[in-house]
Amino acid sequence: MPTVARLGEATHLYAPSRPSARGYGKIEGVSKVLEILTPEGLPPLAEKPGVSFIMPVLNEAEHIEQAITTILAQEYDGDKEIVLALGPSTDDTNAIIESMAARDSRIQTVENPQAATPIGLNLAIAATHHPVIIRVDAHSGLGADYTRQAIDTLRESKAANCGGLMLARGKTSFQKAVARAYMSPVGLGGPAYHSGDEAQEAESAYLGVYRREVFDHLGGFDEGIKRGQDWELNLRIRSAGGRIWFNPDMEVTYWPRGTWSKIAQQFWATGIWRAELIRRYGSQNSLRYFAPPLLVLGMSAAVIETLLQLSGTTKKWPKFLRRFTSLIHVPSFGYIAGILATASAAKDCGRRERFWFGIVLPTMHLCWGAGFLRGLITGAGTTKDSSR
């Protein structure tokens, strides 16, 4: 059964073990396959199993009512409950939730005074009652048949966790440009849930629709991982023989942050925490995570080379060395040309959105890459996403 701890007056789950500094390459506590999580070991789902929606919330007054409304509007006949972990918001978020909860008894809340996402998730899970747990984000909106499709996917794939397609959308020209970058292979790329693909077994899942057995046998989210805790939990699931499944028909609308500074802060923190996960779990991470930090190093080298040229320092170097070091500009010029070409080729958008698209792409790449390098050297420590 999951481990339980105390936080104020509330109980919450947490990961049953933490990897030590010298044991980051191993997932302790899951060294033996837990048969219950394998496709053959999971018990069959009821025809209409009850579902529990969980959501950590902090300063989401702009989006929270819409997010909850899409949950309440799910076209699913089984029992439903919503558990919101409330951080100490400084806007009207908690007042909006309190008003909605007074009108609908399916909406429940727990306090999350530390405002940490994994702690909030664990607090919410501990307050749920149903056999299927669906994680939802305050910036997201579920398609009307998301829950029904999720239950069907769990049943047919015999997965311990499944997820769908993130459809990033925007309202302003800037937010639309960010959404375009999210969905573009030149932007985030990588996981199928950003760009759409065929149904398949996956490394991780966007948000996640979990069998309760995951938390009963593996514990909750690792509270020491402030970002990327879903990837770590999915790694534990796969290490225990469980299956993660991607279904592109399960669509979730996602509303990105609406200002340049918040995007920069978000990707800086995400890069730092990805490096922390690589420090812990090494080769179990994809090599694609090293592309942004290599870009940052290459661009930095090009800037240093330019400064040395302008100062006249390189004139003192042998001719063959000057020619060799000048080649450092080639990848940087190639990257800039690629960004300009991608932005120019963007379809169905106006000039402002195209302009911001060309700004947002390198912002994501460089902030993520710089954060990764920082995290790789120093670790994540207490880094938080300050964009919320």
# chains A, B, ... in the order shown; residues from 1 in each chain; ligands from 1
>>> residues_around(residues="Ala269 in chain A", least_positions_apart="4", cutoff="12 Å", atoms="only C-alpha atoms", output="VMD selection string")
chain A and resid 225 to 228 262 to 265 273 to 276 364 367 to 375 379 to 388
>>> closest_residue(among="A:Phe320, A:Trp231, A:Phe215, A:Trp255", to="Leu277 in chain A", atoms="only C-alpha atoms")
A:Trp231
>>> closest_atom_pairs(of="range 150-218 of chain A", to="range 324-342 of chain A", cutoff="12 Å", atoms="only C-alpha atoms", output="JSON lines")
{"residue": "A:Arg180", "atom": "CA", "partner": "A:Thr342", "partner_atom": "CA", "distance": 11.1}
{"residue": "A:Ala181", "atom": "CA", "partner": "A:Thr342", "partner_atom": "CA", "distance": 10.2}
{"residue": "A:Ser184", "atom": "CA", "partner": "A:Thr342", "partner_atom": "CA", "distance": 9.6}
{"residue": "A:Pro185", "atom": "CA", "partner": "A:Thr342", "partner_atom": "CA", "distance": 10.4}
{"residue": "A:Val186", "atom": "CA", "partner": "A:Thr342", "partner_atom": "CA", "distance": 7.9}
{"residue": "A:Gly187", "atom": "CA", "partner": "A:Ile339", "partner_atom": "CA", "distance": 9.8}
>>> write_last_selection(atoms="C-alpha atoms", output="CSV table (one decimal), in the first residue's frame")
chain,number,residue,atom,x,y,z
A,180,ARG,CA,2.2,27.0,-32.7
A,181,ALA,CA,5.7,26.4,-31.3
A,184,SER,CA,5.7,22.3,-34.2
A,185,PRO,CA,8.4,19.6,-34.5
A,186,VAL,CA,10.9,22.5,-34.7
A,187,GLY,CA,9.5,23.7,-31.3
>>> closest_residue(among="A:Arg322, A:Lys176, A:Lys315, A:His217", to="Phe355 in chain A", atoms="only C-alpha atoms")
A:Lys176
>>> select_by_dssp(residues="range 17-250 of chain A", states="strand (DSSP E)", output="ChimeraX atom specification")
/A:51-57,80-86,107-111,132-135,140-142,161-168,200-201,209-211,244-250
>>> write_last_selection(atoms="N, CA and C atoms", output="CSV table (one decimal), in the first residue's frame")
chain,number,residue,atom,x,y,z
A,51,VAL,N,-14.5,7.7,-11.7
A,51,VAL,CA,-13.3,8.4,-12.0
A,51,VAL,C,-13.1,9.6,-11.1
A,52,SER,N,-11.8,9.8,-10.7
A,52,SER,CA,-11.5,11.0,-9.8
A,52,SER,C,-10.5,11.9,-10.6
A,53,PHE,N,-10.9,13.1,-10.8
A,53,PHE,CA,-10.1,14.1,-11.4
A,53,PHE,C,-9.3,14.9,-10.4
A,54,ILE,N,-8.0,15.0,-10.6
A,54,ILE,CA,-7.1,15.7,-9.6
A,54,ILE,C,-6.4,16.9,-10.3
A,55,MET,N,-6.3,18.0,-9.6
A,55,MET,CA,-5.7,19.2,-10.2
A,55,MET,C,-5.0,20.0,-9.1
A,56,PRO,N,-3.7,20.3,-9.1
A,56,PRO,CA,-3.1,21.3,-8.3
A,56,PRO,C,-3.3,22.6,-8.9
A,57,VAL,N,-3.6,23.6,-8.0
A,57,VAL,CA,-4.0,24.9,-8.5
A,57,VAL,C,-3.2,26.0,-7.8
A,80,LYS,N,-18.3,10.5,-10.8
A,80,LYS,CA,-17.2,11.5,-11.0
A,80,LYS,C,-17.0,12.3,-9.8
A,81,GLU,N,-15.8,12.6,-9.5
A,81,GLU,CA,-15.4,13.6,-8.4
A,81,GLU,C,-14.2,14.4,-8.8
A,82,ILE,N,-14.1,15.6,-8.3
A,82,ILE,CA,-13.0,16.5,-8.7
A,82,ILE,C,-12.3,16.9,-7.3
A,83,VAL,N,-11.0,16.7,-7.2
A,83,VAL,CA,-10.3,17.1,-6.0
A,83,VAL,C,-9.2,18.1,-6.4
A,84,LEU,N,-9.4,19.3,-5.9
A,84,LEU,CA,-8.4,20.4,-6.3
A,84,LEU,C,-7.5,20.6,-5.1
A,85,ALA,N,-6.2,20.7,-5.3
A,85,ALA,CA,-5.2,21.0,-4.3
A,85,ALA,C,-4.9,22.5,-4.4
A,86,LEU,N,-5.4,23.2,-3.4
A,86,LEU,CA,-5.3,24.7,-3.5
A,86,LEU,C,-4.0,25.2,-2.9
A,107,ILE,N,-17.2,18.7,-6.5
A,107,ILE,CA,-16.0,19.5,-6.4
A,107,ILE,C,-15.5,19.5,-4.9
A,108,GLN,N,-14.4,18.9,-4.7
A,108,GLN,CA,-13.8,18.9,-3.3
A,108,GLN,C,-12.4,19.6,-3.4
A,109,THR,N,-12.0,20.1,-2.2
A,109,THR,CA,-10.7,20.8,-2.1
A,109,THR,C,-9.9,20.2,-1.0
A,110,VAL,N,-8.5,20.3,-1.1
A,110,VAL,CA,-7.6,20.1,0.0
A,110,VAL,C,-6.6,21.2,-0.1
A,111,GLU,N,-6.0,21.5,1.0
A,111,GLU,CA,-5.0,22.6,1.1
A,111,GLU,C,-3.6,22.1,0.7
A,132,VAL,N,-10.1,4.9,-11.1
A,132,VAL,CA,-9.4,5.6,-12.2
A,132,VAL,C,-9.1,7.0,-11.7
A,133,ILE,N,-7.9,7.5,-11.9
A,133,ILE,CA,-7.5,8.8,-11.4
A,133,ILE,C,-7.0,9.6,-12.7
A,134,ILE,N,-7.6,10.7,-12.9
A,134,ILE,CA,-7.3,11.5,-14.1
A,134,ILE,C,-6.7,12.8,-13.7
A,135,ARG,N,-5.5,13.0,-14.1
A,135,ARG,CA,-4.8,14.3,-13.8
A,135,ARG,C,-5.2,15.3,-14.8
A,140,SER,N,-5.7,23.6,-19.0
A,140,SER,CA,-6.2,22.6,-20.0
A,140,SER,C,-7.7,22.6,-20.0
A,141,GLY,N,-8.3,22.1,-21.1
A,141,GLY,CA,-9.7,21.8,-21.3
A,141,GLY,C,-9.9,20.5,-21.9
A,142,LEU,N,-10.6,19.6,-21.3
A,142,LEU,CA,-10.8,18.2,-21.8
A,142,LEU,C,-11.9,18.2,-22.9
A,161,ASN,N,-1.4,3.4,-17.3
A,161,ASN,CA,-1.5,4.9,-17.5
A,161,ASN,C,-1.7,5.1,-19.0
A,162,CYS,N,-2.5,6.1,-19.3
A,162,CYS,CA,-2.6,6.5,-20.7
A,162,CYS,C,-2.8,8.0,-20.8
A,163,GLY,N,-2.6,8.5,-22.0
A,163,GLY,CA,-2.7,9.9,-22.2
A,163,GLY,C,-3.0,10.2,-23.7
A,164,GLY,N,-3.3,11.5,-24.0
A,164,GLY,CA,-3.7,11.8,-25.3
A,164,GLY,C,-2.9,12.9,-25.9
A,165,LEU,N,-3.5,13.6,-26.8
A,165,LEU,CA,-2.9,14.7,-27.6
A,165,LEU,C,-3.1,16.1,-27.0
A,166,MET,N,-2.0,16.8,-26.8
A,166,MET,CA,-2.0,18.1,-26.3
A,166,MET,C,-2.3,19.1,-27.5
A,167,LEU,N,-3.4,19.7,-27.5
A,167,LEU,CA,-3.7,20.7,-28.6
A,167,LEU,C,-3.5,22.1,-28.0
A,168,ALA,N,-2.3,22.7,-28.2
A,168,ALA,CA,-2.1,24.0,-27.7
A,168,ALA,C,-2.8,25.0,-28.5
A,200,GLN,N,0.0,4.2,-29.7
A,200,GLN,CA,1.2,3.4,-29.5
A,200,GLN,C,1.6,3.4,-28.0
A,201,GLU,N,2.5,2.4,-27.7
A,201,GLU,CA,3.1,2.4,-26.3
A,201,GLU,C,4.0,3.6,-26.2
A,209,VAL,N,-4.0,9.3,-17.3
A,209,VAL,CA,-5.2,8.7,-16.7
A,209,VAL,C,-4.7,7.4,-16.1
A,210,TYR,N,-4.7,7.3,-14.8
A,210,TYR,CA,-4.0,6.2,-14.1
A,210,TYR,C,-5.0,5.2,-13.5
A,211,ARG,N,-4.6,3.9,-13.5
A,211,ARG,CA,-5.2,3.0,-12.6
A,211,ARG,C,-4.8,3.2,-11.2
A,244,ILE,N,2.5,2.2,-20.6
A,244,ILE,CA,2.0,3.6,-20.8
A,244,ILE,C,1.5,3.6,-22.3
A,245,TRP,N,0.3,4.2,-22.5
A,245,TRP,CA,-0.3,4.1,-23.8
A,245,TRP,C,-0.7,5.5,-24.3
A,246,PHE,N,-0.4,5.8,-25.5
A,246,PHE,CA,-0.8,7.1,-26.1
A,246,PHE,C,-1.9,6.9,-27.1
A,247,ASN,N,-3.0,7.7,-26.9
A,247,ASN,CA,-4.1,7.6,-27.8
A,247,ASN,C,-4.4,9.0,-28.4
A,248,PRO,N,-4.1,9.2,-29.7
A,248,PRO,CA,-4.2,10.6,-30.2
A,248,PRO,C,-5.7,11.1,-30.3
A,249,ASP,N,-6.7,10.2,-30.1
A,249,ASP,CA,-8.1,10.6,-30.1
A,249,ASP,C,-8.5,11.2,-28.8
A,250,MET,N,-7.7,11.1,-27.8
A,250,MET,CA,-7.9,11.7,-26.5
A,250,MET,C,-7.3,13.1,-26.5
>>> closest_residue(among="A:Leu207, A:Val136, A:Ile237, A:Ala102", to="Ile71 in chain A", atoms="only C-alpha atoms")
A:Val136
>>> residues_around(residues="Ala115 in chain A", least_positions_apart="6", cutoff="7 Å", atoms="only C-alpha atoms", output="PyMOL selection string")
chain A and resi 58+87-88
>>> write_last_selection(atoms="all heavy atoms", output="compact mmCIF listing (two decimals), in the first residue's frame")
# COMPACT_ATOMS: atom_id res chain seq x y z
N LEU A 58 -2.70 27.01 -8.55
CA LEU A 58 -2.06 28.19 -7.97
C LEU A 58 -2.16 29.34 -8.97
O LEU A 58 -1.69 29.24 -10.10
CB LEU A 58 -0.59 27.91 -7.64
CG LEU A 58 0.20 29.09 -7.06
CD1 LEU A 58 -0.31 29.42 -5.66
CD2 LEU A 58 1.70 28.77 -7.03
N GLY A 87 -3.21 25.86 -3.70
CA GLY A 87 -2.04 26.56 -3.21
C GLY A 87 -2.45 27.93 -2.70
O GLY A 87 -3.59 28.35 -2.88
N PRO A 88 -1.52 28.66 -2.08
CA PRO A 88 -1.84 30.00 -1.55
C PRO A 88 -1.89 31.04 -2.66
O PRO A 88 -1.01 31.91 -2.78
CB PRO A 88 -0.69 30.25 -0.57
CG PRO A 88 0.45 29.46 -1.14
CD PRO A 88 -0.16 28.23 -1.75
>>> residues_around(residues="Pro49 in chain A", least_positions_apart="2", cutoff="7 Å", atoms="only C-alpha atoms", output="ChimeraX atom specification")
/A:45-47,51,78,131
>>> write_last_selection(atoms="N, CA, C and O atoms", output="CSV table (one decimal), in the first residue's frame")
chain,number,residue,atom,x,y,z
A,45,LEU,N,-11.4,-3.7,-15.5
A,45,LEU,CA,-12.2,-2.5,-15.1
A,45,LEU,C,-13.6,-2.9,-15.2
A,45,LEU,O,-14.1,-3.7,-16.0
A,46,ALA,N,-14.4,-2.3,-14.3
A,46,ALA,CA,-15.9,-2.4,-14.4
A,46,ALA,C,-16.3,-1.7,-15.6
A,46,ALA,O,-15.6,-0.9,-16.3
A,47,GLU,N,-17.6,-1.9,-16.0
A,47,GLU,CA,-18.1,-1.3,-17.3
A,47,GLU,C,-18.1,0.2,-17.2
A,47,GLU,O,-17.7,0.8,-18.2
A,51,VAL,N,-14.5,7.7,-11.7
A,51,VAL,CA,-13.3,8.4,-12.0
A,51,VAL,C,-13.1,9.6,-11.1
A,51,VAL,O,-14.0,10.3,-10.7
A,78,GLY,N,-20.4,7.2,-15.6
A,78,GLY,CA,-19.9,6.7,-14.3
A,78,GLY,C,-19.8,7.8,-13.3
A,78,GLY,O,-19.9,9.0,-13.6
A,131,PRO,N,-11.5,4.1,-8.8
A,131,PRO,CA,-10.5,3.2,-9.3
A,131,PRO,C,-9.7,3.8,-10.5
A,131,PRO,O,-8.6,3.3,-10.8
>>> atom_distance(atom1="CA of Ser89 in chain A", atom2="CA of Ile68 in chain A")
16.8 Å
>>> atom_distance(atom1="CA of Ile96 in chain A", atom2="CA of Ile64 in chain A")
7.8 Å
>>> residues_around(residues="Gln229 in chain A", least_positions_apart="2", cutoff="12 Å", atoms="only C-alpha atoms", output="number ranges by chain")
A: 14-15, 116-122, 204-208, 220-227, 231-236, 270, 273-274, 276-277
>>> select_by_dssp(residues="range 55-248 of chain A", states="helix (DSSP H, G or I)", output="ChimeraX atom specification")
/A:64-72,93-103,117-126,146-157,173-183,192-195,212-218,229-239
>>> closest_residue(among="A:Ile359, A:Ala138, A:Ala159, A:Met299", to="Arg238 in chain A", atoms="only C-alpha atoms")
A:Ala159
>>> atom_distance(atom1="CA of Tyr76 in chain A", atom2="CA of Arg243 in chain A")
24.1 Å
>>> decode(residues="range 244-255 of chain A", atoms="all heavy atoms", output="PDB file, in the first residue's frame")
ATOM      1  N   ILE A 244       2.495   2.185 -20.623  1.00  0.00           N
ATOM      2  CA  ILE A 244       2.024   3.550 -20.837  1.00  0.00           C
ATOM      3  C   ILE A 244       1.512   3.613 -22.276  1.00  0.00           C
ATOM      4  O   ILE A 244       2.222   3.193 -23.190  1.00  0.00           O
ATOM      5  CB  ILE A 244       3.142   4.593 -20.637  1.00  0.00           C
ATOM      6  CG1 ILE A 244       3.963   4.310 -19.375  1.00  0.00           C
ATOM      7  CG2 ILE A 244       2.557   6.000 -20.623  1.00  0.00           C
ATOM      8  CD1 ILE A 244       3.196   4.390 -18.104  1.00  0.00           C
ATOM      9  N   TRP A 245       0.311   4.151 -22.472  1.00  0.00           N
ATOM     10  CA  TRP A 245      -0.271   4.125 -23.814  1.00  0.00           C
ATOM     11  C   TRP A 245      -0.677   5.523 -24.259  1.00  0.00           C
ATOM     12  O   TRP A 245      -1.243   6.301 -23.489  1.00  0.00           O
ATOM     13  CB  TRP A 245      -1.493   3.197 -23.848  1.00  0.00           C
ATOM     14  CG  TRP A 245      -1.901   2.831 -25.245  1.00  0.00           C
ATOM     15  CD1 TRP A 245      -2.895   3.385 -25.994  1.00  0.00           C
ATOM     16  CD2 TRP A 245      -1.285   1.830 -26.071  1.00  0.00           C
ATOM     17  NE1 TRP A 245      -2.940   2.804 -27.230  1.00  0.00           N
ATOM     18  CE2 TRP A 245      -1.975   1.832 -27.312  1.00  0.00           C
ATOM     19  CE3 TRP A 245      -0.240   0.934 -25.881  1.00  0.00           C
ATOM     20  CZ2 TRP A 245      -1.645   0.973 -28.354  1.00  0.00           C
ATOM     21  CZ3 TRP A 245       0.087   0.074 -26.916  1.00  0.00           C
ATOM     22  CH2 TRP A 245      -0.602   0.095 -28.127  1.00  0.00           C
ATOM     23  N   PHE A 246      -0.367   5.840 -25.522  1.00  0.00           N
ATOM     24  CA  PHE A 246      -0.757   7.111 -26.133  1.00  0.00           C
ATOM     25  C   PHE A 246      -1.895   6.883 -27.106  1.00  0.00           C
ATOM     26  O   PHE A 246      -1.812   6.019 -27.979  1.00  0.00           O
ATOM     27  CB  PHE A 246       0.436   7.725 -26.869  1.00  0.00           C
ATOM     28  CG  PHE A 246       0.054   8.879 -27.766  1.00  0.00           C
ATOM     29  CD1 PHE A 246      -0.312  10.098 -27.224  1.00  0.00           C
ATOM     30  CD2 PHE A 246       0.069   8.735 -29.152  1.00  0.00           C
ATOM     31  CE1 PHE A 246      -0.670  11.166 -28.048  1.00  0.00           C
ATOM     32  CE2 PHE A 246      -0.278   9.793 -29.979  1.00  0.00           C
ATOM     33  CZ  PHE A 246      -0.659  11.004 -29.434  1.00  0.00           C
ATOM     34  N   ASN A 247      -2.973   7.653 -26.943  1.00  0.00           N
ATOM     35  CA  ASN A 247      -4.121   7.589 -27.839  1.00  0.00           C
ATOM     36  C   ASN A 247      -4.384   8.988 -28.395  1.00  0.00           C
ATOM     37  O   ASN A 247      -4.853   9.869 -27.663  1.00  0.00           O
ATOM     38  CB  ASN A 247      -5.361   7.077 -27.100  1.00  0.00           C
ATOM     39  CG  ASN A 247      -6.595   7.011 -28.000  1.00  0.00           C
ATOM     40  OD1 ASN A 247      -6.528   7.327 -29.193  1.00  0.00           O
ATOM     41  ND2 ASN A 247      -7.717   6.621 -27.440  1.00  0.00           N
ATOM     42  N   PRO A 248      -4.091   9.241 -29.679  1.00  0.00           N
ATOM     43  CA  PRO A 248      -4.245  10.590 -30.242  1.00  0.00           C
ATOM     44  C   PRO A 248      -5.688  11.068 -30.295  1.00  0.00           C
ATOM     45  O   PRO A 248      -5.933  12.263 -30.485  1.00  0.00           O
ATOM     46  CB  PRO A 248      -3.656  10.446 -31.647  1.00  0.00           C
ATOM     47  CG  PRO A 248      -3.791   8.997 -31.976  1.00  0.00           C
ATOM     48  CD  PRO A 248      -3.607   8.280 -30.673  1.00  0.00           C
ATOM     49  N   ASP A 249      -6.653  10.165 -30.113  1.00  0.00           N
ATOM     50  CA  ASP A 249      -8.057  10.573 -30.116  1.00  0.00           C
ATOM     51  C   ASP A 249      -8.462  11.236 -28.802  1.00  0.00           C
ATOM     52  O   ASP A 249      -9.512  11.889 -28.732  1.00  0.00           O
ATOM     53  CB  ASP A 249      -8.956   9.364 -30.376  1.00  0.00           C
ATOM     54  CG  ASP A 249      -8.768   8.803 -31.776  1.00  0.00           C
ATOM     55  OD1 ASP A 249      -8.426   9.581 -32.690  1.00  0.00           O
ATOM     56  OD2 ASP A 249      -8.939   7.575 -31.951  1.00  0.00           O
ATOM     57  N   MET A 250      -7.651  11.071 -27.764  1.00  0.00           N
ATOM     58  CA  MET A 250      -7.911  11.729 -26.488  1.00  0.00           C
ATOM     59  C   MET A 250      -7.299  13.131 -26.548  1.00  0.00           C
ATOM     60  O   MET A 250      -6.106  13.301 -26.341  1.00  0.00           O
ATOM     61  CB  MET A 250      -7.297  10.926 -25.331  1.00  0.00           C
ATOM     62  CG  MET A 250      -7.935   9.575 -25.099  1.00  0.00           C
ATOM     63  SD  MET A 250      -6.946   8.541 -23.956  1.00  0.00           S
ATOM     64  CE  MET A 250      -6.783   9.633 -22.532  1.00  0.00           C
ATOM     65  N   GLU A 251      -8.106  14.120 -26.829  1.00  0.00           N
ATOM     66  CA  GLU A 251      -7.593  15.471 -27.068  1.00  0.00           C
ATOM     67  C   GLU A 251      -7.815  16.379 -25.855  1.00  0.00           C
ATOM     68  O   GLU A 251      -8.886  16.385 -25.254  1.00  0.00           O
ATOM     69  CB  GLU A 251      -8.253  16.079 -28.297  1.00  0.00           C
ATOM     70  CG  GLU A 251      -7.934  15.335 -29.585  1.00  0.00           C
ATOM     71  CD  GLU A 251      -8.526  15.997 -30.810  1.00  0.00           C
ATOM     72  OE1 GLU A 251      -9.313  16.956 -30.642  1.00  0.00           O
ATOM     73  OE2 GLU A 251      -8.203  15.566 -31.929  1.00  0.00           O
ATOM     74  N   VAL A 252      -6.750  17.135 -25.536  1.00  0.00           N
ATOM     75  CA  VAL A 252      -6.804  18.097 -24.438  1.00  0.00           C
ATOM     76  C   VAL A 252      -6.353  19.454 -24.972  1.00  0.00           C
ATOM     77  O   VAL A 252      -5.253  19.582 -25.515  1.00  0.00           O
ATOM     78  CB  VAL A 252      -5.887  17.684 -23.269  1.00  0.00           C
ATOM     79  CG1 VAL A 252      -5.995  18.697 -22.132  1.00  0.00           C
ATOM     80  CG2 VAL A 252      -6.225  16.287 -22.778  1.00  0.00           C
ATOM     81  N   THR A 253      -7.192  20.458 -24.824  1.00  0.00           N
ATOM     82  CA  THR A 253      -6.797  21.811 -25.205  1.00  0.00           C
ATOM     83  C   THR A 253      -5.911  22.392 -24.110  1.00  0.00           C
ATOM     84  O   THR A 253      -6.227  22.282 -22.912  1.00  0.00           O
ATOM     85  CB  THR A 253      -8.028  22.713 -25.393  1.00  0.00           C
ATOM     86  OG1 THR A 253      -8.845  22.170 -26.430  1.00  0.00           O
ATOM     87  CG2 THR A 253      -7.616  24.123 -25.778  1.00  0.00           C
ATOM     88  N   TYR A 254      -4.794  22.988 -24.513  1.00  0.00           N
ATOM     89  CA  TYR A 254      -3.858  23.574 -23.552  1.00  0.00           C
ATOM     90  C   TYR A 254      -3.651  25.045 -23.892  1.00  0.00           C
ATOM     91  O   TYR A 254      -3.389  25.394 -25.052  1.00  0.00           O
ATOM     92  CB  TYR A 254      -2.517  22.831 -23.581  1.00  0.00           C
ATOM     93  CG  TYR A 254      -1.448  23.474 -22.723  1.00  0.00           C
ATOM     94  CD1 TYR A 254      -1.445  23.301 -21.344  1.00  0.00           C
ATOM     95  CD2 TYR A 254      -0.452  24.267 -23.290  1.00  0.00           C
ATOM     96  CE1 TYR A 254      -0.472  23.896 -20.545  1.00  0.00           C
ATOM     97  CE2 TYR A 254       0.526  24.865 -22.505  1.00  0.00           C
ATOM     98  CZ  TYR A 254       0.510  24.680 -21.126  1.00  0.00           C
ATOM     99  OH  TYR A 254       1.453  25.261 -20.345  1.00  0.00           O
ATOM    100  N   TRP A 255      -3.759  25.901 -22.889  1.00  0.00           N
ATOM    101  CA  TRP A 255      -3.564  27.344 -23.075  1.00  0.00           C
ATOM    102  C   TRP A 255      -2.206  27.734 -22.500  1.00  0.00           C
ATOM    103  O   TRP A 255      -2.019  27.732 -21.283  1.00  0.00           O
ATOM    104  CB  TRP A 255      -4.680  28.127 -22.374  1.00  0.00           C
ATOM    105  CG  TRP A 255      -6.040  27.767 -22.882  1.00  0.00           C
ATOM    106  CD1 TRP A 255      -6.915  26.866 -22.342  1.00  0.00           C
ATOM    107  CD2 TRP A 255      -6.659  28.268 -24.064  1.00  0.00           C
ATOM    108  NE1 TRP A 255      -8.045  26.780 -23.107  1.00  0.00           N
ATOM    109  CE2 TRP A 255      -7.929  27.640 -24.174  1.00  0.00           C
ATOM    110  CE3 TRP A 255      -6.287  29.194 -25.048  1.00  0.00           C
ATOM    111  CZ2 TRP A 255      -8.816  27.907 -25.216  1.00  0.00           C
ATOM    112  CZ3 TRP A 255      -7.172  29.459 -26.083  1.00  0.00           C
ATOM    113  CH2 TRP A 255      -8.408  28.825 -26.163  1.00  0.00           C
TER     114      TRP A 255
END
